[in-house]
>>> print(open('input35.txt').read())   # compact mmCIF, C-alpha atoms
# COMPACT_ATOMS: atom_id res chain seq x y z
CA MET A 1 86.79 99.89 77.61
CA ILE A 2 90.48 100.58 77.19
CA LYS A 3 92.71 97.91 75.76
CA VAL A 4 96.35 97.73 76.78
CA LEU A 5 98.46 97.26 73.63
CA LYS A 6 101.78 97.81 75.42
CA PRO A 7 101.95 98.19 79.18
CA GLY A 8 105.08 100.34 79.52
CA LEU A 9 107.60 99.51 82.22
CA GLN A 10 105.42 99.63 85.31
CA THR A 11 101.92 100.99 84.86
CA THR A 12 99.59 100.56 87.82
CA VAL A 13 96.10 101.64 88.84
CA GLN A 14 96.31 104.08 91.76
CA ASP A 15 94.00 106.33 93.75
CA GLN A 16 94.73 108.46 96.82
CA GLY A 17 95.74 105.33 98.68
CA ARG A 18 94.61 102.64 101.09
CA ARG A 19 94.56 104.88 104.11
CA GLY A 20 93.93 104.14 107.75
CA LEU A 21 95.47 100.67 107.94
CA TYR A 22 99.05 101.61 108.73
CA GLU A 23 98.87 100.18 112.24
CA ILE A 24 98.27 96.68 110.88
CA GLY A 25 101.34 97.02 108.65
CA MET A 26 99.48 97.99 105.46
CA PRO A 27 101.22 100.82 103.59
CA PRO A 28 98.85 103.14 101.71
CA SER A 29 100.18 102.67 98.16
CA GLY A 30 98.32 105.23 95.98
CA ALA A 31 99.61 107.76 93.47
CA MET A 32 103.22 108.66 94.23
CA ASP A 33 102.63 112.24 93.02
CA GLN A 34 99.36 113.16 94.72
CA PHE A 35 99.39 116.68 93.25
CA ALA A 36 99.53 115.45 89.65
CA PHE A 37 96.97 112.75 90.51
CA ARG A 38 94.48 115.26 91.93
CA VAL A 39 94.85 117.68 89.03
CA ALA A 40 94.40 114.82 86.53
CA ASN A 41 91.02 113.98 88.10
CA LEU A 42 89.99 117.64 88.21
CA LEU A 43 90.66 118.01 84.49
CA VAL A 44 88.17 115.26 83.62
CA GLY A 45 85.59 116.22 86.26
CA ASN A 46 86.11 113.10 88.36
CA HIS A 47 85.54 112.46 92.05
CA PRO A 48 88.84 113.34 93.80
CA ASN A 49 89.51 109.69 94.61
CA ALA A 50 88.80 108.20 91.17
CA ALA A 51 91.52 105.76 90.13
CA VAL A 52 94.04 106.72 87.45
CA LEU A 53 96.95 105.01 85.71
CA GLU A 54 100.44 105.78 86.99
CA MET A 55 103.12 105.19 84.34
CA THR A 56 106.78 105.15 85.30
CA TYR A 57 109.56 106.06 82.84
CA ILE A 58 107.84 104.47 79.85
CA GLY A 59 104.26 105.22 78.83
CA SER A 60 101.69 102.62 77.85
CA GLU A 61 100.12 102.19 74.44
CA LEU A 62 96.36 102.17 74.93
CA LEU A 63 93.45 101.63 72.54
CA PHE A 64 90.27 103.44 73.55
CA GLU A 65 87.13 101.54 72.62
CA GLN A 66 84.76 104.31 73.68
CA ASP A 67 84.42 108.08 73.28
CA THR A 68 85.63 109.79 76.44
CA ARG A 69 87.78 112.57 77.84
CA ILE A 70 91.17 112.10 79.41
CA SER A 71 93.94 114.14 80.98
CA LEU A 72 97.66 113.55 81.44
CA THR A 73 99.65 115.18 84.24
CA GLY A 74 102.92 114.72 86.08
CA GLY A 75 106.28 113.88 84.54
CA ASN A 76 106.74 114.80 80.90
CA ILE A 77 106.55 111.53 78.98
CA PRO A 78 105.32 113.25 75.80
CA PRO A 79 101.87 111.84 74.87
CA LYS A 80 100.59 111.24 71.34
CA LEU A 81 97.07 110.51 70.16
CA ASN A 82 97.06 108.51 66.91
CA GLY A 83 100.70 109.51 66.48
CA GLN A 84 100.06 113.26 66.89
CA SER A 85 101.53 115.11 69.88
CA VAL A 86 98.93 116.22 72.41
CA PRO A 87 99.40 118.53 75.41
CA MET A 88 99.64 117.48 79.04
CA TRP A 89 97.76 119.22 81.89
CA GLU A 90 94.76 119.66 79.56
CA THR A 91 91.36 118.02 79.01
CA LEU A 92 91.57 115.93 75.83
CA GLU A 93 88.76 114.50 73.72
CA VAL A 94 89.25 110.86 72.76
CA ARG A 95 87.19 108.87 70.20
CA ALA A 96 86.59 105.16 70.07
CA GLY A 97 89.46 103.68 68.07
CA ASP A 98 92.02 106.28 69.14
CA VAL A 99 95.43 105.06 70.28
CA LEU A 100 97.35 106.85 73.02
CA SER A 101 101.11 106.34 73.02
CA PHE A 102 104.17 108.12 74.37
CA ASP A 103 107.67 109.26 73.41
CA PHE A 104 110.72 108.76 75.62
CA VAL A 105 110.61 110.51 78.99
CA ARG A 106 111.80 114.14 78.84
CA SER A 107 111.57 115.19 82.47
CA GLY A 108 110.15 113.79 85.68
CA ALA A 109 109.51 110.08 86.11
CA ARG A 110 105.77 109.42 86.48
CA THR A 111 102.85 110.40 84.28
CA TYR A 112 99.20 110.12 85.35
CA LEU A 113 96.33 109.32 83.01
CA ALA A 114 92.83 110.13 84.24
CA VAL A 115 89.77 108.96 82.30
CA GLU A 116 86.20 110.18 82.82
CA GLY A 117 84.65 107.99 85.53
CA GLY A 118 87.99 106.65 86.73
CA ILE A 119 89.52 103.23 86.15
CA ASP A 120 87.09 100.66 87.50
CA VAL A 121 88.72 97.90 89.49
CA PRO A 122 87.35 96.25 92.65
CA LEU A 123 87.81 98.10 95.93
CA VAL A 124 90.18 96.26 98.24
CA MET A 125 90.10 97.62 101.78
CA ASN A 126 88.38 100.72 100.49
CA SER A 127 90.95 101.57 97.81
CA ARG A 128 91.64 100.80 94.14
CA SER A 129 95.39 101.31 94.54
CA THR A 130 97.71 98.53 93.40
CA TYR A 131 100.07 97.14 96.01
CA THR A 132 102.21 94.86 93.86
CA LEU A 133 104.38 93.45 96.67
CA ILE A 134 101.51 91.37 98.01
CA GLY A 135 99.41 91.42 94.85
CA ILE A 136 96.30 93.26 95.96
CA GLY A 137 94.25 96.13 94.56
CA GLY A 138 94.41 97.66 91.11
CA TYR A 139 94.17 95.39 88.10
CA GLU A 140 94.50 91.86 89.53
CA GLY A 141 97.02 93.15 92.06
CA ARG A 142 99.74 93.72 89.47
CA ALA A 143 101.17 96.14 86.94
CA LEU A 144 99.35 96.18 83.58
CA ALA A 145 100.30 93.68 80.87
CA ALA A 146 99.63 93.64 77.12
CA GLY A 147 96.11 92.41 76.40
CA ASP A 148 94.55 93.66 79.65
CA VAL A 149 91.19 95.39 79.20
CA LEU A 150 90.31 98.23 81.57
CA LYS A 151 86.77 99.33 82.35
CA THR A 152 85.87 102.86 83.33
CA GLY A 153 83.83 103.57 86.44
CA ASP A 154 81.03 105.87 87.55
CA LEU A 155 83.05 108.44 89.52
CA HIS A 156 82.42 111.16 86.93
CA GLN A 157 80.93 114.26 88.54
CA CYS A 158 80.88 117.05 85.96
CA LYS A 159 81.69 117.56 82.29
CA VAL A 160 84.89 119.50 81.64
CA ALA A 161 85.22 120.95 78.14
CA ALA A 162 88.01 119.63 75.93
CA GLY A 163 90.85 122.13 75.79
CA THR A 164 90.47 123.14 79.45
CA THR A 165 93.85 123.64 81.04
CA ILE A 166 95.35 125.00 84.24
CA ASP A 167 97.34 128.20 84.57
CA LYS A 168 100.91 127.51 83.38
CA SER A 169 102.34 128.91 86.61
CA TYR A 170 100.82 125.95 88.47
CA ILE A 171 102.48 123.33 86.28
CA PRO A 172 105.56 122.00 88.06
CA SER A 173 108.83 121.71 86.18
CA TYR A 174 111.08 118.77 86.91
CA GLY A 175 114.83 119.27 86.76
CA LYS A 176 117.69 116.88 87.49
CA ASN A 177 118.84 118.46 90.74
CA HIS A 178 116.37 118.32 93.56
CA GLU A 179 116.15 119.93 96.94
CA ILE A 180 113.93 117.76 99.11
CA ARG A 181 112.79 119.22 102.41
CA VAL A 182 112.90 117.04 105.49
CA ILE A 183 112.21 117.23 109.20
CA VAL A 184 115.25 115.86 111.00
CA GLY A 185 114.50 112.99 113.40
CA LEU A 186 113.19 110.75 114.93
CA CYS A 187 116.47 108.88 115.46
CA SER A 188 118.93 111.47 114.14
CA TYR A 189 120.53 111.46 117.62
CA ARG A 190 122.09 108.15 116.58
CA LEU A 191 124.28 109.86 113.93
CA THR A 192 127.51 111.57 114.90
CA GLU A 193 127.40 115.37 114.82
CA GLU A 194 129.64 115.27 111.74
CA SER A 195 127.41 112.79 109.92
CA ARG A 196 124.25 114.72 110.78
CA GLN A 197 125.88 117.66 109.02
CA ALA A 198 127.13 115.50 106.14
CA PHE A 199 123.64 114.10 105.59
CA LEU A 200 122.35 117.60 104.82
CA GLU A 201 125.41 118.78 102.90
CA THR A 202 125.98 115.80 100.62
CA GLU A 203 124.74 115.86 97.06
CA TRP A 204 123.23 112.38 96.87
CA THR A 205 122.79 110.42 93.64
CA VAL A 206 119.65 108.32 93.21
CA THR A 207 120.66 104.70 92.49
CA PRO A 208 118.84 102.26 90.14
CA GLU A 209 117.11 100.95 93.27
CA ALA A 210 114.41 103.58 93.28
CA ASN A 211 110.79 102.56 93.04
CA ARG A 212 107.40 102.86 94.73
CA ILE A 213 108.80 101.19 97.85
CA GLY A 214 111.75 103.48 98.34
CA TYR A 215 114.57 105.49 96.79
CA ARG A 216 118.16 104.56 97.62
CA HIS A 217 120.82 107.29 97.48
CA ASN A 218 124.56 107.01 97.01
CA GLY A 219 126.95 109.61 98.40
CA GLN A 220 129.08 109.02 101.42
CA ARG A 221 129.12 106.77 104.44
CA LEU A 222 127.45 108.10 107.57
CA LYS A 223 128.65 107.17 111.04
CA PHE A 224 126.64 106.35 114.10
CA VAL A 225 127.48 107.17 117.70
CA GLU A 226 129.03 104.27 119.63
CA ARG A 227 126.55 102.71 121.99
CA GLU A 228 125.73 99.65 124.00
CA GLN A 229 123.29 97.48 122.00
CA PRO A 230 119.84 98.04 123.54
CA PHE A 231 117.59 95.09 124.32
CA GLY A 232 115.56 94.23 121.21
CA ALA A 233 117.78 96.15 118.79
CA GLY A 234 119.98 94.59 116.10
CA SER A 235 123.74 94.56 116.49
CA ASN A 236 124.54 97.06 113.73
CA PRO A 237 124.99 100.64 115.00
CA SER A 238 122.26 101.72 112.55
CA ASN A 239 119.77 99.50 114.40
CA VAL A 240 117.42 100.71 117.09
CA THR A 241 114.61 98.99 118.97
CA ASP A 242 111.74 98.66 116.45
CA LEU A 243 109.66 101.73 115.72
CA GLY A 244 107.00 102.79 113.22
CA TYR A 245 108.42 104.31 110.03
CA PRO A 246 106.63 107.46 108.89
CA ILE A 247 106.03 107.60 105.10
CA GLY A 248 108.98 109.52 103.72
CA SER A 249 111.24 108.50 106.58
CA ILE A 250 114.92 108.04 105.77
CA GLN A 251 116.94 105.15 107.12
CA VAL A 252 120.62 104.45 106.55
CA PRO A 253 121.29 100.72 107.02
CA ASP A 254 124.90 100.28 108.17
CA GLY A 255 125.49 103.98 107.38
CA VAL A 256 125.55 103.19 103.66
CA GLU A 257 123.06 104.61 101.12
CA PRO A 258 120.15 106.46 102.75
CA ILE A 259 116.77 105.02 101.73
CA VAL A 260 113.67 107.21 101.57
CA LEU A 261 110.69 104.96 102.29
CA LEU A 262 107.69 105.71 100.07
CA HIS A 263 104.07 104.65 99.56
CA ASP A 264 104.60 100.88 99.21
CA ALA A 265 107.21 100.56 101.97
CA VAL A 266 107.37 98.52 105.15
CA THR A 267 105.58 100.36 107.97
CA GLY A 268 108.04 99.74 110.78
CA GLY A 269 111.27 98.07 111.75
CA GLY A 270 114.58 98.40 113.50
CA TYR A 271 116.60 100.97 111.54
CA ALA A 272 117.26 104.45 112.88
CA THR A 273 115.24 106.97 110.85
CA VAL A 274 117.35 110.10 110.58
CA ALA A 275 114.82 112.42 108.88
CA THR A 276 111.40 112.42 107.21
CA VAL A 277 110.52 113.99 103.85
CA ILE A 278 107.66 116.49 104.24
CA SER A 279 104.40 115.46 102.56
CA THR A 280 104.47 118.03 99.72
CA ASP A 281 107.95 116.90 98.74
CA LEU A 282 106.88 113.27 98.48
CA ASN A 283 105.14 114.44 95.29
CA ARG A 284 108.44 115.84 94.06
CA MET A 285 110.32 112.66 95.03
CA ALA A 286 107.90 110.78 92.78
CA GLN A 287 109.26 112.69 89.79
CA ILE A 288 112.95 111.99 90.48
CA LYS A 289 114.78 109.56 88.23
CA THR A 290 117.69 107.25 88.88
CA ASN A 291 121.02 109.14 88.43
CA GLU A 292 119.51 112.48 89.43
CA LYS A 293 120.87 114.49 92.37
CA VAL A 294 119.16 115.08 95.70
CA LYS A 295 120.05 117.40 98.54
CA PHE A 296 118.07 117.18 101.75
CA ALA A 297 117.20 120.52 103.35
CA ALA A 298 116.04 120.69 106.96
CA VAL A 299 112.82 122.54 107.82
CA ASN A 300 110.91 122.57 111.11
CA LEU A 301 107.36 121.37 111.67
CA ASP A 302 105.84 124.88 111.45
CA GLN A 303 107.54 125.48 108.12
CA ALA A 304 106.43 122.07 106.84
CA LEU A 305 102.80 122.77 107.79
CA LYS A 306 102.98 126.21 106.14
CA ILE A 307 104.35 124.66 102.94
CA ARG A 308 101.51 122.14 103.00
CA ARG A 309 98.90 124.89 103.50
CA GLU A 310 100.38 126.83 100.56
CA GLN A 311 100.32 123.73 98.37
CA ASN A 312 96.68 123.11 99.33
CA GLU A 313 95.84 126.72 98.47
CA ILE A 314 97.40 126.28 95.04
CA PHE A 315 95.32 123.17 94.53
CA ASN A 316 92.15 124.98 95.66
CA ARG A 317 92.86 127.82 93.24
CA ILE A 318 93.27 125.30 90.42
CA ALA A 319 89.98 123.65 91.39
CA GLU A 320 88.20 127.03 91.49
CA SER A 321 89.62 128.07 88.13
CA LEU A 322 88.24 124.88 86.57
CA SER A 323 84.80 125.16 88.13
CA SER A 324 84.21 128.76 87.05
CA MET B 1 124.05 108.38 58.00
CA SER B 2 124.82 107.34 61.55
CA LYS B 3 122.04 105.97 63.71
CA SER B 4 122.05 105.12 67.35
CA ILE B 5 120.27 103.02 69.93
CA ILE B 6 119.11 105.19 72.80
CA ALA B 7 118.25 104.18 76.38
CA PRO B 8 114.63 105.22 76.94
CA LEU B 9 115.04 105.01 80.70
CA PRO B 10 117.80 105.16 83.31
CA GLY B 11 119.28 102.08 84.94
CA VAL B 12 122.09 99.55 84.81
CA PHE B 13 122.97 98.40 81.30
CA TYR B 14 123.80 94.74 80.61
CA ARG B 15 125.02 93.27 77.34
CA ARG B 16 124.28 89.65 78.32
CA PRO B 17 120.99 87.99 79.31
CA ALA B 18 122.85 86.34 82.23
CA PRO B 19 126.46 86.47 83.43
CA ASP B 20 127.27 83.00 82.00
CA GLN B 21 125.63 83.60 78.62
CA PRO B 22 126.97 85.22 75.46
CA GLU B 23 126.35 88.86 74.63
CA PHE B 24 123.07 89.64 72.84
CA VAL B 25 125.00 91.27 70.00
CA ARG B 26 128.62 92.14 69.31
CA GLU B 27 130.15 95.07 67.52
CA GLY B 28 129.99 94.30 63.80
CA ASP B 29 126.78 92.25 64.11
CA GLN B 30 123.73 93.02 61.99
CA VAL B 31 120.60 94.00 63.98
CA ASN B 32 117.00 94.26 62.81
CA PRO B 33 114.08 96.17 64.35
CA GLY B 34 112.92 94.33 67.48
CA ASP B 35 116.24 92.56 68.13
CA VAL B 36 117.24 92.74 71.80
CA VAL B 37 120.65 94.40 72.14
CA GLY B 38 120.81 94.59 75.95
CA LEU B 39 118.96 94.85 79.23
CA ILE B 40 118.43 97.88 81.45
CA GLU B 41 117.77 97.08 85.08
CA ILE B 42 115.60 99.57 86.91
CA MET B 43 113.22 99.21 89.86
CA LYS B 44 114.20 95.52 90.08
CA THR B 45 112.82 95.06 86.56
CA PHE B 46 114.80 94.15 83.45
CA TYR B 47 113.79 96.19 80.42
CA GLU B 48 114.73 94.71 77.05
CA LEU B 49 116.45 97.34 74.96
CA LYS B 50 115.56 96.65 71.32
CA ALA B 51 116.90 97.99 68.05
CA GLU B 52 114.32 100.17 66.31
CA GLU B 53 116.03 100.20 62.92
CA ALA B 54 118.19 97.82 60.95
CA GLY B 55 121.94 98.35 60.83
CA ILE B 56 125.33 97.05 61.79
CA VAL B 57 126.46 97.71 65.35
CA GLU B 58 129.46 99.98 64.94
CA LYS B 59 130.27 100.53 68.57
CA PHE B 60 128.80 100.22 72.06
CA THR B 61 129.26 103.65 73.58
CA VAL B 62 128.64 102.49 77.18
CA ASP B 63 130.26 99.66 79.11
CA ASN B 64 128.57 96.56 80.38
CA GLU B 65 127.07 97.19 83.86
CA ALA B 66 127.43 100.96 83.50
CA ILE B 67 124.64 103.17 84.87
CA VAL B 68 122.95 104.92 81.96
CA ASP B 69 120.63 107.92 81.74
CA ALA B 70 117.33 108.23 79.92
CA GLY B 71 118.17 109.53 76.45
CA GLN B 72 121.79 108.34 76.52
CA GLU B 73 123.24 106.65 73.42
CA ILE B 74 123.99 102.98 74.04
CA ALA B 75 125.35 101.96 70.65
CA SER B 76 125.94 103.50 67.26
CA LEU B 77 124.77 101.79 64.10
CA LYS B 78 125.93 102.12 60.53
>>> encode(input="input35.txt", output="C-alpha cells")
Amino acid sequence: MIKVLKPGLQTTVQDQGRRGLYEIGMPPSGAMDQFAFRVANLLVGNHPNAAVLEMTYIGSELLFEQDTRISLTGGNIPPKLNGQSVPMWETLEVRAGDVLSFDFVRSGARTYLAVEGGIDVPLVMNSRSTYTLIGIGGYEGRALAAGDVLKTGDLHQCKVAAGTTIDKSYIPSYGKNHEIRVIVGLCSYRLTEESRQAFLETEWTVTPEANRIGYRHNGQRLKFVEREQPFGAGSNPSNVTDLGYPIGSIQVPDGVEPIVLLHDAVTGGGYATVATVISTDLNRMAQIKTNEKVKFAAVNLDQALKIRREQNEIFNRIAESLSS
Amino acid sequence: MSKSIIAPLPGVFYRRPAPDQPEFVREGDQVNPGDVVGLIEIMKTFYELKAEEAGIVEKFTVDNEAIVDAGQEIASLK
C-alpha cells in the first residue's frame, strides 16, 4: 500500500490509454509522455501497460507501507527518499516506512512513478487511465488527494536489480525552447498563404491554459481565407463542417491562440485543424511548461513514420539493455 | 539575511483570493510558515502559494495577475 501524504498539483493514475473508443467520442487519456511511461515500467520489470502515477509540476509526497522497487522518469522534478536525493531513470529500492517527496521542478513538466506490479485501480473500458473531465478510470476518476491509499497490482513480470539504469544518451533533456514537428493539414487550406507561413515561423508562447486536454499558444493572429459559410459549419471563418480531430491536431478558434489537442481532448468538432503534431513529439509536448516557447516545424508523413520507427528502435534498445 | 518566496510552478499570480476580497498579505505584514501569500492559476487549478519561513514581507517582486515562471521570486522577506 502507498499512502498519499500530499497529492501534488495534479497527480493521476495513467497507463497507455483507453484505446479503440475514439469513434464514440472517448479520448484515450493515458500517460502524456508515453516514452517516459514505458521506460518507467521497464525499470521495475512491469508489464508494458501497468499503471503509473503521472505528476505535473509538483510531485506528491508518498508513504510506502511495503518493501518494493520503484522508478522515476520524465521531467526532472528532483525526487528524494526520506529527504535524501535519489536518481531518476534508475531502479530504486524502497522499504516499508520510506517517504518519497520532491523538490521544485527543474526541467520538463511531468514525472512518472512506476511501482512493481503497477498501481491497482479498476479497469474501466479496458484501461486504468484517469479521465478527470467525466470522472472515470484511475483512482475514483479523479486526481489524487491527501489521505488516498493506493494498492499495487500483479502486473510485475521480472525482477530488475536496484541500481539498474538506462544509457545516459537515451535520457531526454528538456529545455525551454521546443521545436515540435507537425504534419500540415487537414484544414490548412482555410488559412491564408501568409498565415500558413506565419504559423510555422512564429515563436509561440505556451499560455497558463495548458493541461492534459490541450495546450494553448500565444503569438500572433492568423487569418482565414474568405468563404461562403458552408451548410453545417459555424459562422466564424475558423469553423468548418464538423470533422474528427486527430490527437495532436491544432485548431485556431477565431484565428487567435492555436490549441494543440492532447490525450483528454474532445474527439471532433467544427474548427479547422491546421496541422497535427506527430506522435513522437506528443511525448515532448507533455514536458513543455507554461511560458516556454514552441516553434512548429513541418514534416511529411514519410519523415514522421521514419521518426517514429527510430524512436521505437531506441525504446527496443533500452528494453534489450535491461533484459541482458 | 534576505529570504524569498519562490513560485514552484508557472502560472498566473494573484494576490487576492477573489477580485472583491482583500489581499492575502501586504508589504510590511508578518508571515509565518504555511500562511497563504497568493494563488497561482495553472491548468484551471488554483495553487495556494504558502510562506515556508517566517518573516516580514519586504516587497512583492511580481505584479498581481502577472504570468510567473517556475523558480521565479514572488516576494522578498526580511
>>> axis_aligned_box(input="input35.txt", around="stretch 43-50 of chain B", padding_each_side="5 Å", output="JSON")
{"center_x": 114.6, "center_y": 96.7, "center_z": 80.7, "size_x": 13.6, "size_y": 15.1, "size_z": 28.8}
>>> interface_residues(input="input35.txt", of="chain A", to="chain B", cutoff="8 Å", atoms="only C-alpha atoms", output="list in words")
Leu9, Tyr57, Ile58, Phe104, Val105, Pro208, Glu209, Ala210, Asn211, Lys289, Thr290 and Asn291 of chain A
>>> residues_around(input="input35.txt", residues="A:Val13", least_positions_apart="5", cutoff="7 Å", atoms="all atoms listed in the file", output="VMD selection string")
chain A and resid 51 to 54 128 to 130 138 to 139
>>> atom_distance(input="input35.txt", atom1="atom CA of A:Tyr112", atom2="atom CA of A:Ile70")
10.2 Å
>>> atom_distance(input="input35.txt", atom1="atom CA of A:His263", atom2="atom CA of A:Glu320")
28.6 Å
>>> closest_residue(input="input35.txt", among="A:Ile259, A:Leu191, A:Met26, A:Ile183", to="A:Asn218", atoms="all atoms listed in the file")
A:Ile259
>>> closest_residue(input="input35.txt", among="B:Leu39, B:Pro17, B:Asn32, B:Arg26", to="B:Lys59", atoms="all atoms listed in the file")
B:Arg26
>>> residues_around(input="input35.txt", residues="A:Thr73", least_positions_apart="4", cutoff="7 Å", atoms="all atoms listed in the file", output="MDAnalysis selection string")
chainID A and resid 36 40 88:89 111:113
>>> closest_residue(input="input35.txt", among="B:Asp35, B:Thr61, B:Leu49, B:Asp20", to="B:Glu73", atoms="all atoms listed in the file")
B:Thr61
>>> atom_distance(input="input35.txt", atom1="atom CA of A:Ser195", atom2="atom CA of A:His178")
20.5 Å
>>> residues_around(input="input35.txt", residues="B:Glu58", least_positions_apart="5", cutoff="8 Å", atoms="only C-alpha atoms", output="list of chain:residue names")
B:Glu27, B:Gly28, B:Ala75, B:Ser76, B:Leu77, B:Lys78
>>> closest_residue(input="input35.txt", among="B:Arg15, B:Lys3, B:Ala51, B:Asn64", to="B:Gly34", atoms="all atoms listed in the file")
B:Ala51
>>> residues_around(input="input35.txt", residues="B:Val31", least_positions_apart="5", cutoff="8 Å", atoms="only C-alpha atoms", output="list in words")
Val25, Ala51, Glu53, Ala54, Gly55, Ile56 and Val57 of chain B
>>> closest_residue(input="input35.txt", among="A:Gln14, A:Gln287, A:Thr280, A:Thr241", to="A:Ala143", atoms="all atoms listed in the file")
A:Gln14
>>> residues_around(input="input35.txt", residues="A:Asn76", least_positions_apart="2", cutoff="7 Å", atoms="all atoms listed in the file", output="JSON, numbers by chain")
{"A": [74, 78, 105, 106, 107, 108, 111]}
>>> build_atoms(input="input35.txt", residues="stretch 286-300 of chain A", atoms="N, CA, C and O atoms", output="compact mmCIF listing (two decimals), in the coordinates of the input")
# COMPACT_ATOMS: atom_id res chain seq x y z
N ALA A 286 108.50 111.69 93.76
CA ALA A 286 107.90 110.78 92.78
C ALA A 286 108.39 111.08 91.37
O ALA A 286 108.33 110.22 90.49
N GLN A 287 108.85 112.29 91.15
CA GLN A 287 109.26 112.69 89.79
C GLN A 287 110.78 112.66 89.61
O GLN A 287 111.30 113.14 88.61
N ILE A 288 111.49 112.08 90.58
CA ILE A 288 112.95 111.99 90.48
C ILE A 288 113.34 110.67 89.83
O ILE A 288 112.77 109.62 90.13
N LYS A 289 114.30 110.76 88.92
CA LYS A 289 114.78 109.56 88.23
C LYS A 289 116.11 109.09 88.82
O LYS A 289 116.88 109.88 89.37
N THR A 290 116.37 107.81 88.64
CA THR A 290 117.69 107.25 88.88
C THR A 290 118.75 108.13 88.22
O THR A 290 118.53 108.62 87.11
N ASN A 291 119.89 108.32 88.91
CA ASN A 291 121.02 109.14 88.43
C ASN A 291 120.87 110.62 88.75
O ASN A 291 121.82 111.37 88.58
N GLU A 292 119.66 111.07 89.12
CA GLU A 292 119.51 112.48 89.43
C GLU A 292 120.02 112.77 90.85
O GLU A 292 120.25 111.86 91.64
N LYS A 293 120.22 114.07 91.11
CA LYS A 293 120.87 114.49 92.37
C LYS A 293 119.84 115.00 93.37
O LYS A 293 118.90 115.71 92.99
N VAL A 294 120.06 114.66 94.63
CA VAL A 294 119.16 115.08 95.70
C VAL A 294 119.96 115.69 96.83
O VAL A 294 120.97 115.12 97.25
N LYS A 295 119.53 116.86 97.29
CA LYS A 295 120.05 117.40 98.54
C LYS A 295 118.88 117.51 99.51
O LYS A 295 117.79 117.94 99.14
N PHE A 296 119.12 117.10 100.75
CA PHE A 296 118.07 117.18 101.75
C PHE A 296 118.23 118.48 102.53
O PHE A 296 119.33 118.79 102.98
N ALA A 297 117.15 119.23 102.64
CA ALA A 297 117.20 120.52 103.35
C ALA A 297 116.29 120.42 104.57
O ALA A 297 115.13 120.00 104.45
N ALA A 298 116.81 120.81 105.72
CA ALA A 298 116.04 120.69 106.96
C ALA A 298 115.06 121.85 107.11
O ALA A 298 115.41 123.02 106.91
N VAL A 299 113.80 121.53 107.42
CA VAL A 299 112.82 122.54 107.82
C VAL A 299 112.24 122.08 109.16
O VAL A 299 112.39 120.92 109.54
N ASN A 300 111.57 123.00 109.87
CA ASN A 300 110.91 122.57 111.11
C ASN A 300 109.43 122.29 110.84
O ASN A 300 108.93 122.52 109.73
